[in-house]
Protein chains: 2
Amino acid sequence: MNTEKELLDYIRNGGERFLPHVSIDCAVFGFHDNELKILLLKSKFLEDWALPGGHILRSEPLDVAAQRILNERTGLNDIFLKQFQSFGDPNRVSADNMNYLKEVLKVPLATDHWLLDRTISIGYYALVEFSRVNPILDYFTARYQWWDVHDLPSLVFDHALMVEKALQTVRLQLNYQPVGYNLLPEKFTMPELQKLYETMLEKPLDRRNFQKRMLGLGILERLEERKKVGPHKSPYYYRFNRKKYQEALSAGLSFGF
Amino acid sequence: MNTEKELLDYIRNGGERFLPHVSIDCAVFGFHDNELKILLLKSKFLEDWALPGGHILRSEPLDVAAQRILNERTGLNDIFLKQFQSFGDPNRVSADNMNYLKEVLKVPLATDHWLLDRTISIGYYALVEFSRVNPILDYFTARYQWWDVHDLPSLVFDHALMVEKALQTVRLQLNYQPVGYNLLPEKFTMPELQKLYETMLEKPLDRRNFQKRMLGLGILERLEERKKVGPHKSPYYYRFNRKKYQEALSAGLSFGF
């Protein structure tokens with residue numbers, strides 16, 4: 001939706017192209033400089049901030065819809081989005097929440113308008129290195145901001161719950177999926193990888209145990225090169241073994257079992 | 001749906017009471033005697049077997065709907081159901097799949113019939129001790145069977161994919177959620193608990209490591225009583241600490257991190 005005309009058409013006629021009663025929202029977490037943030041959009045028409053979201057085309061697969069929606073709303077491309085939960089509280093979106101539509105259209109909405117009926121939203125999440133992505137906004141959106149996950153602004157609908165559940169999922173995921181590809185440089189040191197885990201888990205980890213577990217997963221390759229960080233410290237560089245990383249992504253890691 | 005009249009009313013008028021485009025399917029895994037099985041239903045009207053499923057009432061929360069649907073379809077009550085994934089392939093249910101409706105109604109269906117439109121299904125799963133549950137079937141269903149997860153019959157729609165994904169989820173879950181309550185007797189031995197994990201993971205586990213990790217979770221209490229199993233073996237009984245088990249269920253376990 002890059003023009004007012006497109007937005008009006010979406011509100012008026014979207015019900016023909018899109019599946020009613022279902023939407024998708026994307027929680028995009030950004031890791032940078034040992035901070036974990038989340039991408040939120042501020043609409044021109046709403047007071048509160050929101051996750052990038054939208055509707056599913058009538059014959060579009062869910063994962064394709066998630067990619068398209070994130071792209072249309074933020075310009076982000078080729079982001080690995082993963083479904084984590086569907087949100088279906090009958091009151092998650094109230095008629096009041098949709099009052100802004102009246103302002104946009106400048107006429108009252110029919111009570112059976114497709115955007116006023118109950119909508120279940122399917123949540124997707126992604127992890128990106130946020131200095132490497134550059135959001136481009138659509139007509140609906142006034143601005144974007146990467147927010148600290150502990151210091152969120154007021155959010156629309158049930159989006160605060162979505163962020164909370166997405167964050168829980170990301171942290172649990174550390175127990176069974178490899179993390180780090182796309183978040184770290186091509187080659188990185190063990191302390192840098194540990195910092196990523198510590199940032200996401202928000203707690204310090206034991207250096208020896210961490211190293212032992214990580215190496216035990218078989219997804220890392222140690223390079224012959226060391227990083228010079230001080231007179232007495234020069235940790236080895238590592239990189240991910242792409243093939244094993246991909247295998248672990250689909251099969252799941254097992255830390256011990 | 002306990003009578004033909006109710007079934008006909010569901011097909012003809014269900015679209016008024018239920019949210020169109022969305023359904024729920026339940027993968028109920030049964031553990032018994034070191035076997036992992038899944039509960040499938042055989043409809044009177046379909047060749048293939050199916051997971052118990054149904055539609056969401058217009059103002060019903062998702063988790064409530066999942067409980068109600070499982071109860072109406074199988075008589076099962078108070079089962080801890082957990083959402084795991086939504087399935088939304090545009091072709092997951094074809095018009096052909098719904099031919100049986102014509103047979104039931106004995107008249108052709110309108111092409112815009114509420115049951116013929118694209119439906120996204122939200123998958124829930126549960127783990128039960130299957131000797132303790134006793135399914136009671138509805139009018140739609142001819143019989144039920146607990147099937148070996150490796151030897152499934154032909155399944156309707158995308159239900160084979162659902163079973164596969166649910167099983168993956170259950171196995172990953174062992175890495176971050178406590179399992180065993182409701183599947184084991186009130187008091188059990190460490191070898192019995194290990195058997196449960198081995199059955200679900202389908203591989204043998206090292207006895208010492210298993211015991212060390214389990215005790216490290218802090219959810220088990222060792223009783224003073226031992227089980228007599230042989231002249232030289234008498235393992236201690238354990239039980240779950242209900243409070244810590246519940247805490248771990250919501251917060252997630254961490255095996256090491």
# chains A, B, ... in the order shown; residues from 1 in each chain; ligands from 1
>>> select_by_dssp(residues="range 19-257 of chain B", states="helix (DSSP H, G or I)", output="VMD selection string")
chain B and resid 62 to 74 96 to 105 159 to 173 190 to 201 207 to 216 242 to 251
>>> interface_residues(of="chain A", to="chain B", cutoff="7 Å", atoms="only C-alpha atoms", output="PyMOL selection string")
chain A and resi 59-62+85+88-90+172+175-176+205+257
>>> residues_around(residues="Ser43 in chain B", least_positions_apart="4", cutoff="10 Å", atoms="only C-alpha atoms", output="PyMOL selection string")
chain B and resi 47-50+137-144
>>> select_by_dssp(residues="range 141-183 of chain B", states="strand (DSSP E)", output="PyMOL selection string")
chain B and resi 141-148
>>> closest_residue(among="A:Glu224, A:Leu215, A:Glu129, A:Lys244", to="Asn34 in chain A", atoms="only C-alpha atoms")
A:Glu129
>>> atom_distance(atom1="CA of Ile24 in chain B", atom2="CA of Ala66 in chain B")
6.4 Å
>>> residues_around(residues="Lys5 in chain A", least_positions_apart="3", cutoff="12 Å", atoms="only C-alpha atoms", output="PyMOL selection string")
chain A and resi 1-2+8-13+104-105+139-140
>>> write_last_selection(atoms="N, CA and C atoms", output="JSON list (two decimals), in the first residue's frame")
[["chain", "number", "residue", "atom", "x", "y", "z"],
["A", 1, "MET", "N", 0.85, -1.20, 0.00],
["A", 1, "MET", "CA", 0.00, 0.00, 0.00],
["A", 1, "MET", "C", 0.88, 1.24, 0.00],
["A", 2, "ASN", "N", 1.16, 1.72, -1.20],
["A", 2, "ASN", "CA", 2.09, 2.84, -1.28],
["A", 2, "ASN", "C", 1.42, 4.18, -1.54],
["A", 8, "LEU", "N", -7.17, 2.86, 0.50],
["A", 8, "LEU", "CA", -8.64, 2.90, 0.46],
["A", 8, "LEU", "C", -9.19, 1.64, -0.20],
["A", 9, "ASP", "N", -8.52, 1.21, -1.26],
["A", 9, "ASP", "CA", -8.97, 0.00, -1.95],
["A", 9, "ASP", "C", -8.85, -1.22, -1.05],
["A", 10, "TYR", "N", -7.78, -1.25, -0.28],
["A", 10, "TYR", "CA", -7.56, -2.36, 0.67],
["A", 10, "TYR", "C", -8.70, -2.42, 1.69],
["A", 11, "ILE", "N", -9.02, -1.25, 2.24],
["A", 11, "ILE", "CA", -10.07, -1.23, 3.26],
["A", 11, "ILE", "C", -11.43, -1.59, 2.64],
["A", 12, "ARG", "N", -11.71, -0.99, 1.48],
["A", 12, "ARG", "CA", -13.03, -1.20, 0.87],
["A", 12, "ARG", "C", -13.18, -2.59, 0.26],
["A", 13, "ASN", "N", -12.16, -3.03, -0.49],
["A", 13, "ASN", "CA", -12.34, -4.24, -1.30],
["A", 13, "ASN", "C", -11.41, -5.39, -0.94],
["A", 104, "VAL", "N", -9.95, 7.21, 8.15],
["A", 104, "VAL", "CA", -9.29, 7.10, 6.85],
["A", 104, "VAL", "C", -10.31, 7.21, 5.73],
["A", 105, "LEU", "N", -11.39, 6.48, 5.90],
["A", 105, "LEU", "CA", -12.42, 6.44, 4.83],
["A", 105, "LEU", "C", -13.27, 7.69, 4.81],
["A", 139, "TYR", "N", 2.62, 3.39, 2.76],
["A", 139, "TYR", "CA", 1.80, 4.59, 2.93],
["A", 139, "TYR", "C", 1.12, 4.65, 4.30],
["A", 140, "PHE", "N", 0.78, 3.49, 4.82],
["A", 140, "PHE", "CA", 0.07, 3.37, 6.09],
["A", 140, "PHE", "C", 0.92, 3.81, 7.28]]
>>> residues_around(residues="Leu183 in chain A", least_positions_apart="3", cutoff="12 Å", atoms="only C-alpha atoms", output="PyMOL selection string")
chain A and resi 29-36+79-80+126-133+178-180+186-188+192-193+195-197+200+240
